[in-house]
Amino acid sequence: MQSNKQNVLFLFLLFVGVFFVTAQEGKVVPLEIKAERDSIVAPLLPKPIVNDTILRDSLQRDSLNKKPPVLLDNITYKAKDYVKLSQRENKIYLYNEAEIHYQDTELKAGIIIMDYVKNEVYAGRIKDSVGNYTQLPYFKQGSNVVIPDSIRFNFDTQKAIIWNSRTEQQAAAGQLGSDAMKVYAEITKKENDSVYFLSEAKITTAEDTINPDYYIRVRKAKFVPKKKVIAGFSNLYIADVPTPIAMPFAYFPLSVGSAPGVLMPTFGNDPDRGYFLQDFGYYAPLGDYANVEFSGDFYTNGSWGFRTASIYTKRYKYRGNVNFRYENLVTSQKGFSDYSLSKNWNLQFSHSQDQKASPNSRFSASVNLGSSEYYRNSLQQRNLPNTQNNTLSSSISYSKTFPAYPSVNLSVTATHSQLTSPTATTTNRDNINMTLPTFQASMERIFPFAKRDGIKKGAIQNINFQYDVNAQNRLTTNDEDFLTGSMFDNARIGARHRIPISTNFKIAKYFSVTMGGNYEDVWTMETYERSFDPETERVVVDSVAGFDRYNQYNLNASIGTTLYGTFNFGEDKKIQAIRHVLRPTISYGYAPSFEQFYDEYEEGINGEGRVVQYSRFDGTLNGAPRLGRSNSLSLALNNVLEAKIRDKDSTKTEPKKIPLLSNFNISTAYNLEADSLRLSPLNINGGTNILNNKMSINFAAGLDPYAIDNNGRRIDTWNIDNGGSLFRLTRANMNVSYSIDSKMFQKKKEEEEEEEEDPFDYVAQSGGRTDDLFGRADSFRDNPREDREKGDVENPVYGTKIPWNFRLAYSATYLNSARQNEFSAHSLMFSGDIELSPRWKVGGSSGYDFKNKGFTLTQLRFQRDLKSFSMRFNWTPFGEYRRWYFFIGIDASILSDLKWENRSQPFRN
C-alpha cells in the first residue's frame with residue numbers, strides 16, 4: 001500500500017514538472033503513455049531553454065520540416081479474376097493476370113500480394129488446369145527487365161529478392177536475340193536500381209536460358225545492368241557438362257553501344273614462317289558515329305602484317321569506311337636460296353552522301369589501290385575471291401550544282417586504275433594510270449528560239465545548244481615511283497571545250513529527224529616538235545612548254561522511225577501473239593580535214609628521203625586534230641521481240657508478256673571518202689532473259705564483207721568473190737548466266753511465306769563477288785546466323801524440304817580476224833549450296849577453263865549450325881591458292897572470343 005502511494009506521488013510530480021517546463025512556452029504537452037512489453041514508456045523531455053532564438057528556431061524546424069511521404073506516386077493495380085482487400089492483414093491480393101504500376105516500375109504475374117503498410121509486394125506463378133506453372137512474373141524498372149519464378153519487392157527501399165530470375169542484356173546497339181547476353185540466377189538480391197547480387201548464375205547467349213546449349217557457371221557475382229558482370233570463380237559448361245576452361249574471376253562487359261576491347265588472336269604454326277598469331281588487335285569506338293579496329297599478324301621468322309579498319313556513319317548525312325592493310329612477308333630464312341621478301345599493301349576507302357544532306361552538292365569516293373601482288377600474296381582467307389580480280393580502280397569526286405537558269409554542274413574527280421591480272425605482262429601490271437584531277441563543267445541545254453515553259457514545235461523552236469569542258473592532269477607511274485615526286489614526271493595536262501548544237505522535228509508524221517553539229521576547242525600545256533637528225537638517222541622529239549590550242553568541228557544528221565508488227569495466233573492458244581518492234585536509223589556524218597595544224601620534216605635513210613607529215617599535238621593528252629576528211633553513212637537496226645502467252649493462273653484475265661529478244665542490234669557504216677574498203681564490218685549484238693529471268697544471254701559478233709590476203713590484211717575484194725561466204729566471221733563472244741533454287745518448285749503459298757520480311761536481316765560484307773563463283777570471302781567474325789530462318793529445328797516431324805541453289809556462268813570469246821580460228825577465252829563457272837538439314841549446309845564453287853585446260857579457283861564449304869555455336873570448314877583442294885580453314889565458336893559477337901580456329905597457310909610455288 002505504501003509502495004503504491006509512492007508511485008502515484010512520483011507520477012504526479014512528474015506531470016507537474018512537465019507541465020511547468022512546457023508552460024514556459026505557452027504550450028501544453030500531453031502525457032503519452034505506451035504499453036510495450038508490460039512497461040510504460042514516457043515521452044522524452046525537451047532540452048532546457050538556453051536562448052529564446054535557439055528555441056524559436058528549433059520550434060520552427062519541428063513544425064516545418066516534416067518527413068515527406070515515402071510513396072511519391074499513386075499505385076495502380078488490377079487483376080482478371082479478383083482483387084481482395086484484407087484489412088486484418090493489411091494486404092491486397094490480386095489473382096490471374098495481375099498487374100501493378102508505380103512510377104517507372106511495372107510488375108505482372110499470376111498472383112500478386114501487396115502489403116500496403118510495409119509497402120512491399122510479392123509476385124509469383126500460378127498453376128493451370130493440368131498443374132503446370134504459368135504466368136511467370138514480369139518485373140520491369142526503367143529499361144531493365146527481369147523474368148523470375150517469384151519476386152519480393154519493397155517500394156520504399158527499392159530492394160528486392162528474386163528467385164530464378166532471367167534477364168536479357170542488349171550487348172550493343174542493334175544487337176538483339178542471339179547477340180544479347182542472358183543472365184539466369186537462382187537467387188538475386190536487388191540492392192538498388194543499378195546493383196544486383198547473384199548466386200549460382202548462368203551467363204549465356206543461347207536462346208533457351210533454362211537449359212542452354214552452353215553457359216558460364218558463376219557462383220557469386222555482382223551484376224550492373226547494361227554495364228558489367230563481375231564474377232568470382234567461373235567455368236564453362238557445354239550441355240551441362242563442365243569443361244576445364246575456368247577462370248578464378250571474370251569480367252563480362254554489357255555496355256549498350258560500342259565498347260573498346262581486345263580482339264583475340266588465332267594461334268598456329270606455318271612450316272615456312274614458323275609459329276604465328278593472326279588477327280590480334282584492338283577495337284575502339286570513336287564517339288557515336290565512328291569506330292576503328294587495329295589488328296595484325298606476327299610470325300617467328302620475321303613476317304608480320306598490319307591492318308586498320310574504320311567505319312563511320314551519320315544518319316541522313318553520310319556513311320563510309322576506310323581500310324588499310326600492309327603485309328611484310330618473309331619466306332624461308334636469310335642465307336637460304338629460297339629466301340624472299342615481299343612488301344604488299346592495299347588501301348580501300350568508300351564514302352557516300354545522303355541525297356537529303358545537300359541536294360546541290362555531293363562528295364563520293366570509292367578507292368581500291370595498292371600493290372599489284374597484294375591479293376595473290378595475302379595470307380588472309382577473306383582476300384581469296386579477289387585473287388581473280390584483273391584490275392584495281394578508284395574514283396573520288398565532288399560535284400556542285402548551281403540551279404539558277406541556266407543551271408551549271410561542276411565536278412572534280414580523281415581516278416586511278418592498274419592491272420593485277422596474273423596473265424598481264426610485268427610492264428603492264430606495274431603501270432598505274434591516274435588523273436589528278438579531272439575537272440568537268442556543263443551547262444544545261446538552252447533553246448534560244450522557244451519559251452522556257454512552252455511547247456516546242458518545228459525545227460526552229462527545237463534548236464538547242466550546250467556547253468561543257470573536260471580538263472585533266474593525267475599521269476602514268478609504277479609501284480616503285482608511286483607516291484613519290486617521280487610520278488609527276490610524265491604528267492600530261494589538257495582541256496577540251498565542246499559546244500553541241502542540234503534540233504529535231506518530224507517528217508510525214510512518222511519519221512523523226514535530228515540534225516546538228518559539234519564544235520571543239522582543245523587546249524594543251526605542252527607540244528612536241530619533231531625533226532630528223534641525219535648523223536644519228538633518228539627522229540628527234542623536242543617538247544615545247546607553253547599554252548597551245550586547236551579547234552575542230554563536225555556535222556551530223558539522222559532519220560529514223562519505229563515499225564510494229566504483230567502476229568496473232570488466237571486467244572485460245574498458249575502463245576496468243578508475237579510482237580516485233582523494229583527501229584531503223586540512217587545517220588550521216590561529215591567532218592573536214594584540219595591540215596593547218598600539221599607540219600612536215602624530211603627524213604632521209606640510206607640516201608633515200610621522204611617527207612613526213614606530223615602534228616605538234618601528237619602525244620598530248622587529247623591527241624592531234626583530224627587529218628583527212630570524213631564523210632560517212634551509218635545504218636543501224638534495233639529489234640525487240642515479245643510474246644503474249646496465256647497465264648497459268650486461271651484467275652488472271654490479262655495474258656503475260658515475256659521478252660524473246662530484249663534487244664537485237666545490227667549496225668554498219670559506209671565511208672564515202674575512202675578509195676577502198678568503204679564498207680565497215682557488220683556489228684551484231686543482242687541479249688535476252690528467259691526462264692522467268694533466271695537465265696541471261698548476251699552475245700556479240702563481227703562480220704566482215706571483205707577478204708584478207710595471206711598476211712591477214714584486209715583487201716578490197718568481197719569475201720564472196722574470193723571463194724568464201726557473204727560475210728567472214730572475225731570475232732564472236734557469248735555470256736550466259738543461269739541461277740536456280742528450290743523456291744522455284746514451291747507452291748505459290750510457300751513462295752509468299754518465303755518472301756516475308758525478316759526483321760533480323762543480317763548483311764554480310766564479304767568484299768568479293770556476290771555470286772561466289774570465285775569463292776566466298778568468309779570472315780570468321782561474321783555472324784553465321786544470317787542464312788538461318790526463324791523456327792528452324794534440328795529434326796522436324798515432317799521435313800521433306802531440302803533448300804538448295806545453283807548458279808552457272810559460261811563465257812566464250814572467239815577470234816578469227818586473221819584466220820587464227822581460236823578461242824581467246826573459254827570458261828564455265830558454277831557455284832551452289834545445299835541445306836541437307838536445317839542445321840547442315842554444304843556448298844562449293846569451281847569452274848573449268850577450256851582454253852588453258854584446267855580448273856579455275858575451286859572452293860568447298862561445310863557449315864554446321866550448333867544452335868549457340870557454329871562450325872565451318874572451307875577447303876580449296878588444289879591450285880595455286882589451295883588451303884583449308886576450320887572454325888568452331890560461339891555465334892554471339894559479345895562472346896566471339898570463345899572459339900577454336902585452325903587454318904593452313906597459302907601454298908606458294
# chains A, B, ... in the order shown; residues from 1 in each chain; ligands from 1

$ residues_around --residues "Val640 (chain A)" --least-positions-apart "2" --cutoff "7 Å" --atoms "only C-alpha atoms" --output "PyMOL selection string"
chain A and resi 580-582+638+642+661-664

$ residues_around --residues "region 132-137 of chain A" --least-positions-apart "5" --cutoff "10 Å" --atoms "only C-alpha atoms" --output "ChimeraX atom specification"
/A:96-99,107-112,122-127,146-151,165

$ atom_distance --atom1 "CA of Tyr251 (chain A)" --atom2 "CA of Tyr289 (chain A)"
26.5 Å

$ select_by_dssp --residues "region 441-616 of chain A" --states "strand (DSSP E or B)" --output "ChimeraX atom specification"
/A:441-446,464-477,492-507,511-533,538-560,563-568,575-591,598-605,608-615

$ residues_around --residues "Phe197 (chain A)" --least-positions-apart "2" --cutoff "9 Å" --atoms "only C-alpha atoms" --output "list in words"
Ile187, Thr188, Lys189, Lys190, Glu191, Val195, Ser199, Lys220, Ala221, Lys222, Phe223 and Val224 of chain A

$ write_last_selection --atoms "C-alpha atoms" --output "short mmCIF file (atom, residue, chain, number, x, y, z; two decimals), in the first residue's frame"
data_model
loop_
_atom_site.label_atom_id
_atom_site.label_comp_id
_atom_site.auth_asym_id
_atom_site.auth_seq_id
_atom_site.Cartn_x
_atom_site.Cartn_y
_atom_site.Cartn_z
CA ILE A 187 18.78 -16.17 -56.15
CA THR A 188 19.16 -12.49 -56.92
CA LYS A 189 19.30 -9.67 -54.44
CA LYS A 190 18.46 -6.25 -55.84
CA GLU A 191 20.35 -3.69 -53.82
CA VAL A 195 23.33 -3.17 -58.50
CA SER A 199 24.07 -16.55 -56.50
CA LYS A 220 28.73 -15.40 -56.95
CA ALA A 221 28.62 -12.22 -58.96
CA LYS A 222 27.83 -8.54 -58.94
CA PHE A 223 25.57 -7.55 -61.81
CA VAL A 224 25.24 -3.95 -63.04
#

$ residues_around --residues "region 225-233 of chain A" --least-positions-apart "2" --cutoff "10 Å" --atoms "only C-alpha atoms" --output "tab-separated table (two decimals) with all heavy atoms, in the first residue's frame"
chain	number	residue	atom	x	y	z
A	143	SER	N	14.36	0.56	-67.96
A	143	SER	CA	14.54	-0.28	-69.14
A	143	SER	C	15.03	-1.67	-68.80
A	143	SER	O	15.29	-2.47	-69.70
A	143	SER	CB	15.54	0.39	-70.11
A	143	SER	OG	16.79	0.59	-69.47
A	144	ASN	N	15.19	-1.98	-67.50
A	144	ASN	CA	15.66	-3.29	-67.08
A	144	ASN	C	14.47	-4.23	-66.89
A	144	ASN	O	13.49	-3.87	-66.22
A	144	ASN	CB	16.45	-3.20	-65.78
A	144	ASN	CG	17.69	-2.33	-65.93
A	144	ASN	OD1	18.31	-2.34	-66.99
A	144	ASN	ND2	18.04	-1.57	-64.89
A	145	VAL	N	14.58	-5.40	-67.46
A	145	VAL	CA	13.50	-6.39	-67.40
A	145	VAL	C	14.04	-7.66	-66.76
A	145	VAL	O	15.11	-8.14	-67.15
A	145	VAL	CB	12.93	-6.69	-68.79
A	145	VAL	CG1	11.87	-7.77	-68.71
A	145	VAL	CG2	12.35	-5.42	-69.42
A	167	THR	N	17.10	-12.55	-67.23
A	167	THR	CA	17.17	-11.21	-67.80
A	167	THR	C	18.03	-11.23	-69.05
A	167	THR	O	18.93	-12.09	-69.18
A	167	THR	CB	17.73	-10.20	-66.78
A	167	THR	OG1	17.73	-8.89	-67.36
A	167	THR	CG2	19.15	-10.54	-66.40
A	168	GLU	N	17.73	-10.34	-69.95
A	168	GLU	CA	18.45	-10.25	-71.22
A	168	GLU	C	19.03	-8.85	-71.35
A	168	GLU	O	18.30	-7.87	-71.25
A	168	GLU	CB	17.52	-10.55	-72.40
A	168	GLU	CG	18.19	-10.48	-73.76
A	168	GLU	CD	17.27	-10.92	-74.88
A	168	GLU	OE1	16.59	-11.95	-74.72
A	168	GLU	OE2	17.23	-10.24	-75.93
A	169	GLN	N	20.34	-8.79	-71.55
A	169	GLN	CA	21.03	-7.52	-71.66
A	169	GLN	C	21.49	-7.32	-73.10
A	169	GLN	O	22.18	-8.18	-73.66
A	169	GLN	CB	22.24	-7.47	-70.72
A	169	GLN	CG	21.85	-7.54	-69.26
A	169	GLN	CD	21.07	-6.32	-68.84
A	169	GLN	OE1	21.49	-5.20	-69.05
A	169	GLN	NE2	19.92	-6.55	-68.22
A	170	GLN	N	21.09	-6.19	-73.69
A	170	GLN	CA	21.49	-5.89	-75.06
A	170	GLN	C	22.98	-5.63	-75.08
A	170	GLN	O	23.49	-4.75	-74.38
A	170	GLN	CB	20.72	-4.67	-75.57
A	170	GLN	CG	20.93	-4.37	-77.03
A	170	GLN	CD	20.06	-3.21	-77.48
A	170	GLN	OE1	19.12	-2.86	-76.80
A	170	GLN	NE2	20.39	-2.64	-78.61
A	171	ALA	N	23.69	-6.40	-75.95
A	171	ALA	CA	25.14	-6.30	-75.96
A	171	ALA	C	25.62	-5.03	-76.63
A	171	ALA	O	26.59	-4.43	-76.25
A	171	ALA	CB	25.75	-7.51	-76.66
A	172	ALA	N	24.97	-4.62	-77.69
A	172	ALA	CA	25.37	-3.42	-78.40
A	172	ALA	C	24.17	-2.91	-79.15
A	172	ALA	O	23.18	-3.60	-79.33
A	172	ALA	CB	26.54	-3.71	-79.36
A	181	MET	N	23.29	-10.82	-74.23
A	181	MET	CA	23.75	-11.61	-73.10
A	181	MET	C	22.56	-11.91	-72.19
A	181	MET	O	21.80	-11.02	-71.81
A	181	MET	CB	24.81	-10.83	-72.32
A	181	MET	CG	25.36	-11.58	-71.14
A	181	MET	SD	26.56	-12.83	-71.64
A	181	MET	CE	28.00	-11.80	-71.89
A	183	VAL	N	21.24	-13.67	-68.59
A	183	VAL	CA	21.71	-14.00	-67.25
A	183	VAL	C	20.58	-14.71	-66.52
A	183	VAL	O	19.46	-14.20	-66.43
A	183	VAL	CB	22.14	-12.73	-66.49
A	183	VAL	CG1	22.65	-13.10	-65.10
A	183	VAL	CG2	23.21	-11.97	-67.26
A	193	ASP	N	18.76	0.44	-57.89
A	193	ASP	CA	18.40	0.42	-59.30
A	193	ASP	C	19.52	-0.07	-60.19
A	193	ASP	O	19.28	-0.50	-61.33
A	193	ASP	CB	17.99	1.83	-59.76
A	193	ASP	CG	16.66	2.24	-59.14
A	193	ASP	OD1	15.97	1.35	-58.62
A	193	ASP	OD2	16.35	3.44	-59.17
A	194	SER	N	20.76	-0.04	-59.73
A	194	SER	CA	21.88	-0.34	-60.61
A	194	SER	C	22.77	-1.48	-60.14
A	194	SER	O	23.75	-1.80	-60.81
A	194	SER	CB	22.77	0.91	-60.78
A	194	SER	OG	23.25	1.36	-59.52
A	195	VAL	N	22.46	-2.11	-59.02
A	195	VAL	CA	23.33	-3.17	-58.50
A	195	VAL	C	22.47	-4.37	-58.11
A	195	VAL	O	21.48	-4.24	-57.38
A	195	VAL	CB	24.15	-2.69	-57.29
A	195	VAL	CG1	24.98	-3.83	-56.72
A	195	VAL	CG2	25.06	-1.53	-57.68
A	196	TYR	N	22.88	-5.54	-58.62
A	196	TYR	CA	22.26	-6.81	-58.26
A	196	TYR	C	23.36	-7.75	-57.81
A	196	TYR	O	24.46	-7.75	-58.37
A	196	TYR	CB	21.53	-7.43	-59.45
A	196	TYR	CG	20.32	-6.68	-59.94
A	196	TYR	CD1	20.45	-5.51	-60.68
A	196	TYR	CD2	19.04	-7.15	-59.69
A	196	TYR	CE1	19.34	-4.82	-61.14
A	196	TYR	CE2	17.91	-6.47	-60.16
A	196	TYR	CZ	18.08	-5.30	-60.87
A	196	TYR	OH	16.99	-4.63	-61.33
A	197	PHE	N	23.06	-8.59	-56.83
A	197	PHE	CA	23.99	-9.62	-56.40
A	197	PHE	C	23.38	-10.97	-56.75
A	197	PHE	O	22.22	-11.24	-56.43
A	197	PHE	CB	24.27	-9.51	-54.90
A	197	PHE	CG	25.02	-8.25	-54.52
A	197	PHE	CD1	24.35	-7.15	-54.04
A	197	PHE	CD2	26.39	-8.20	-54.68
A	197	PHE	CE1	25.04	-5.99	-53.71
A	197	PHE	CE2	27.09	-7.04	-54.33
A	197	PHE	CZ	26.42	-5.93	-53.86
A	198	LEU	N	24.19	-11.81	-57.41
A	198	LEU	CA	23.70	-13.07	-57.94
A	198	LEU	C	24.33	-14.24	-57.18
A	198	LEU	O	25.50	-14.18	-56.76
A	198	LEU	CB	24.04	-13.20	-59.42
A	198	LEU	CG	23.68	-12.02	-60.33
A	198	LEU	CD1	24.11	-12.30	-61.76
A	198	LEU	CD2	22.20	-11.72	-60.26
A	201	ALA	N	24.61	-18.42	-60.78
A	201	ALA	CA	24.10	-17.82	-62.01
A	201	ALA	C	24.66	-18.54	-63.23
A	201	ALA	O	25.73	-19.16	-63.19
A	201	ALA	CB	24.45	-16.34	-62.07
A	203	ILE	N	25.48	-17.57	-67.31
A	203	ILE	CA	25.61	-16.49	-68.30
A	203	ILE	C	25.77	-17.15	-69.67
A	203	ILE	O	26.66	-17.97	-69.87
A	203	ILE	CB	26.81	-15.59	-67.98
A	203	ILE	CG1	26.59	-14.91	-66.62
A	203	ILE	CG2	27.01	-14.54	-69.06
A	203	ILE	CD1	27.74	-14.04	-66.17
A	217	ARG	N	29.11	-20.91	-65.73
A	217	ARG	CA	28.57	-21.00	-64.38
A	217	ARG	C	29.33	-20.05	-63.46
A	217	ARG	O	30.56	-20.07	-63.38
A	217	ARG	CB	28.69	-22.43	-63.86
A	217	ARG	CG	28.13	-22.60	-62.44
A	217	ARG	CD	28.42	-23.96	-61.88
A	217	ARG	NE	28.02	-24.06	-60.48
A	217	ARG	CZ	28.34	-25.07	-59.67
A	217	ARG	NH1	29.05	-26.08	-60.15
A	217	ARG	NH2	27.95	-25.06	-58.40
A	218	VAL	N	28.57	-19.21	-62.78
A	218	VAL	CA	29.13	-18.22	-61.86
A	218	VAL	C	28.56	-18.50	-60.47
A	218	VAL	O	27.34	-18.53	-60.29
A	218	VAL	CB	28.78	-16.78	-62.31
A	218	VAL	CG1	29.28	-15.77	-61.30
A	218	VAL	CG2	29.36	-16.50	-63.69
A	219	ARG	N	29.45	-18.70	-59.50
A	219	ARG	CA	28.97	-19.00	-58.14
A	219	ARG	C	28.42	-17.75	-57.47
A	219	ARG	O	27.31	-17.75	-56.95
A	219	ARG	CB	30.10	-19.57	-57.29
A	219	ARG	CG	30.34	-21.07	-57.46
A	219	ARG	CD	30.91	-21.40	-58.82
A	219	ARG	NE	31.23	-22.81	-58.97
A	219	ARG	CZ	31.67	-23.37	-60.08
A	219	ARG	NH1	31.82	-22.61	-61.17
A	219	ARG	NH2	31.93	-24.64	-60.14
A	220	LYS	N	29.17	-16.66	-57.51
A	220	LYS	CA	28.73	-15.40	-56.95
A	220	LYS	C	29.16	-14.29	-57.90
A	220	LYS	O	30.23	-14.35	-58.49
A	220	LYS	CB	29.34	-15.16	-55.56
A	220	LYS	CG	28.85	-16.13	-54.49
A	220	LYS	CD	29.47	-15.80	-53.14
A	220	LYS	CE	28.97	-16.78	-52.08
A	220	LYS	NZ	29.54	-16.46	-50.74
A	221	ALA	N	28.30	-13.28	-58.02
A	221	ALA	CA	28.62	-12.22	-58.96
A	221	ALA	C	27.90	-10.94	-58.58
A	221	ALA	O	26.87	-10.97	-57.88
A	221	ALA	CB	28.24	-12.62	-60.39
A	222	LYS	N	28.45	-9.86	-59.04
A	222	LYS	CA	27.83	-8.54	-58.94
A	222	LYS	C	27.41	-8.13	-60.34
A	222	LYS	O	28.22	-8.10	-61.25
A	222	LYS	CB	28.80	-7.52	-58.34
A	222	LYS	CG	28.21	-6.12	-58.22
A	222	LYS	CD	29.24	-5.14	-57.64
A	222	LYS	CE	28.64	-3.74	-57.54
A	222	LYS	NZ	29.63	-2.77	-56.99
A	223	PHE	N	26.14	-7.81	-60.49
A	223	PHE	CA	25.57	-7.55	-61.81
A	223	PHE	C	25.09	-6.10	-61.86
A	223	PHE	O	24.23	-5.69	-61.07
A	223	PHE	CB	24.41	-8.54	-62.03
A	223	PHE	CG	23.59	-8.28	-63.26
A	223	PHE	CD1	24.18	-7.87	-64.44
A	223	PHE	CD2	22.21	-8.46	-63.24
A	223	PHE	CE1	23.42	-7.64	-65.57
A	223	PHE	CE2	21.44	-8.23	-64.36
A	223	PHE	CZ	22.05	-7.81	-65.53
A	235	ASN	N	33.41	-21.19	-64.69
A	235	ASN	CA	33.90	-22.15	-65.68
A	235	ASN	C	32.81	-22.43	-66.70
A	235	ASN	O	31.62	-22.22	-66.45
A	235	ASN	CB	34.39	-23.45	-65.03
A	235	ASN	CG	33.29	-24.21	-64.34
A	235	ASN	OD1	32.54	-23.65	-63.57
A	235	ASN	ND2	33.20	-25.50	-64.63
A	246	ALA	N	38.28	-22.56	-67.21
A	246	ALA	CA	37.83	-21.91	-65.98
A	246	ALA	C	38.65	-20.65	-65.74
A	246	ALA	O	39.75	-20.50	-66.28
A	246	ALA	CB	37.92	-22.86	-64.79
A	247	MET	N	38.09	-19.76	-64.92
A	247	MET	CA	38.75	-18.51	-64.56
A	247	MET	C	38.55	-18.26	-63.08
A	247	MET	O	37.45	-18.46	-62.55
A	247	MET	CB	38.17	-17.35	-65.37
A	247	MET	CG	38.36	-17.47	-66.88
A	247	MET	SD	37.35	-16.28	-67.79
A	247	MET	CE	35.73	-17.06	-67.62
A	248	PRO	N	39.60	-17.82	-62.36
A	248	PRO	CA	39.41	-17.52	-60.94
A	248	PRO	C	38.48	-16.34	-60.72
A	248	PRO	O	37.81	-16.26	-59.71
A	248	PRO	CB	40.83	-17.23	-60.46
A	248	PRO	CG	41.58	-16.83	-61.69
A	248	PRO	CD	40.97	-17.62	-62.80
A	249	PHE	N	38.44	-15.42	-61.65
A	249	PHE	CA	37.48	-14.32	-61.63
A	249	PHE	C	37.22	-13.93	-63.08
A	249	PHE	O	38.00	-14.24	-63.98
A	249	PHE	CB	38.00	-13.12	-60.82
A	249	PHE	CG	39.29	-12.56	-61.35
A	249	PHE	CD1	39.30	-11.57	-62.33
A	249	PHE	CD2	40.52	-13.02	-60.88
A	249	PHE	CE1	40.48	-11.06	-62.83
A	249	PHE	CE2	41.71	-12.51	-61.37
A	249	PHE	CZ	41.69	-11.53	-62.34
A	250	ALA	N	36.11	-13.25	-63.31
A	250	ALA	CA	35.71	-12.93	-64.68
A	250	ALA	C	35.05	-11.56	-64.71
A	250	ALA	O	34.46	-11.11	-63.72
A	250	ALA	CB	34.76	-13.99	-65.25
A	251	TYR	N	35.15	-10.95	-65.88
A	251	TYR	CA	34.51	-9.64	-66.13
A	251	TYR	C	33.80	-9.72	-67.47
A	251	TYR	O	34.42	-10.02	-68.49
A	251	TYR	CB	35.57	-8.54	-66.14
A	251	TYR	CG	35.01	-7.17	-66.48
A	251	TYR	CD1	34.48	-6.36	-65.48
A	251	TYR	CD2	35.02	-6.70	-67.78
A	251	TYR	CE1	33.96	-5.11	-65.78
A	251	TYR	CE2	34.50	-5.45	-68.09
A	251	TYR	CZ	33.98	-4.66	-67.08
A	251	TYR	OH	33.47	-3.43	-67.39
A	252	PHE	N	32.51	-9.48	-67.47
A	252	PHE	CA	31.70	-9.52	-68.69
A	252	PHE	C	31.14	-8.13	-68.96
A	252	PHE	O	30.29	-7.64	-68.21
A	252	PHE	CB	30.54	-10.52	-68.54
A	252	PHE	CG	30.97	-11.91	-68.22
A	252	PHE	CD1	31.03	-12.34	-66.90
A	252	PHE	CD2	31.33	-12.80	-69.22
A	252	PHE	CE1	31.43	-13.63	-66.59
A	252	PHE	CE2	31.72	-14.09	-68.92
A	252	PHE	CZ	31.77	-14.50	-67.60
A	253	PRO	N	31.60	-7.47	-70.00
A	253	PRO	CA	31.05	-6.14	-70.30
A	253	PRO	C	29.66	-6.25	-70.93
A	253	PRO	O	29.41	-7.10	-71.78
A	253	PRO	CB	32.07	-5.56	-71.30
A	253	PRO	CG	32.66	-6.77	-71.95
A	253	PRO	CD	32.67	-7.86	-70.92
A	254	LEU	N	28.76	-5.40	-70.51
A	254	LEU	CA	27.40	-5.39	-71.03
A	254	LEU	C	27.00	-3.99	-71.49
A	254	LEU	O	25.83	-3.63	-71.47
A	254	LEU	CB	26.41	-5.85	-69.96
A	254	LEU	CG	26.62	-7.25	-69.37
A	254	LEU	CD1	25.63	-7.51	-68.27
A	254	LEU	CD2	26.50	-8.30	-70.46
A	255	SER	N	27.96	-3.20	-71.89
A	255	SER	CA	27.68	-1.82	-72.26
A	255	SER	C	26.77	-1.76	-73.47
A	255	SER	O	26.95	-2.50	-74.44
A	255	SER	CB	28.99	-1.08	-72.56
A	255	SER	OG	29.84	-1.11	-71.45
A	256	VAL	N	25.78	-0.87	-73.41
A	256	VAL	CA	24.92	-0.63	-74.56
A	256	VAL	C	25.68	0.25	-75.54
A	256	VAL	O	26.21	1.29	-75.18
A	256	VAL	CB	23.61	0.04	-74.12
A	256	VAL	CG1	22.77	0.41	-75.33
A	256	VAL	CG2	22.85	-0.88	-73.19
A	257	GLY	N	25.73	-0.16	-76.79
A	257	GLY	CA	26.52	0.55	-77.78
A	257	GLY	C	27.90	-0.06	-77.89
A	257	GLY	O	28.21	-1.10	-77.30

$ atom_distance --atom1 "CA of Ala79 (chain A)" --atom2 "CA of Ile161 (chain A)"
22.8 Å

$ closest_residue --among "A:Arg882, A:Arg872, A:Gln472, A:Asp213" --to "Glu901 (chain A)" --atoms "only C-alpha atoms"
A:Arg872

$ residues_around --residues "Gly570 (chain A)" --least-positions-apart "5" --cutoff "12 Å" --atoms "only C-alpha atoms" --output "PyMOL selection string"
chain A and resi 575-578+644-646+655

$ write_last_selection --atoms "C-alpha atoms" --output "PDB file, in the first residue's frame"
ATOM      1  CA  ILE A 575       1.068 -18.346-127.338  1.00  0.00           C
ATOM      2  CA  GLN A 576      -1.544 -15.758-128.198  1.00  0.00           C
ATOM      3  CA  ALA A 577       0.618 -13.271-130.130  1.00  0.00           C
ATOM      4  CA  ILE A 578       4.164 -12.251-131.027  1.00  0.00           C
ATOM      5  CA  LYS A 644       1.905 -12.808-125.227  1.00  0.00           C
ATOM      6  CA  ILE A 645       1.179 -16.107-123.536  1.00  0.00           C
ATOM      7  CA  ARG A 646      -1.765 -17.369-121.524  1.00  0.00           C
ATOM      8  CA  PRO A 655      -2.068 -12.507-120.800  1.00  0.00           C
TER       9      PRO A 655
END

$ atom_distance --atom1 "CA of Gly296 (chain A)" --atom2 "CA of Phe886 (chain A)"
19.8 Å

$ closest_residue --among "A:Phe267, A:Asp533, A:Arg626, A:Leu857" --to "Lys899 (chain A)" --atoms "only C-alpha atoms"
A:Phe267
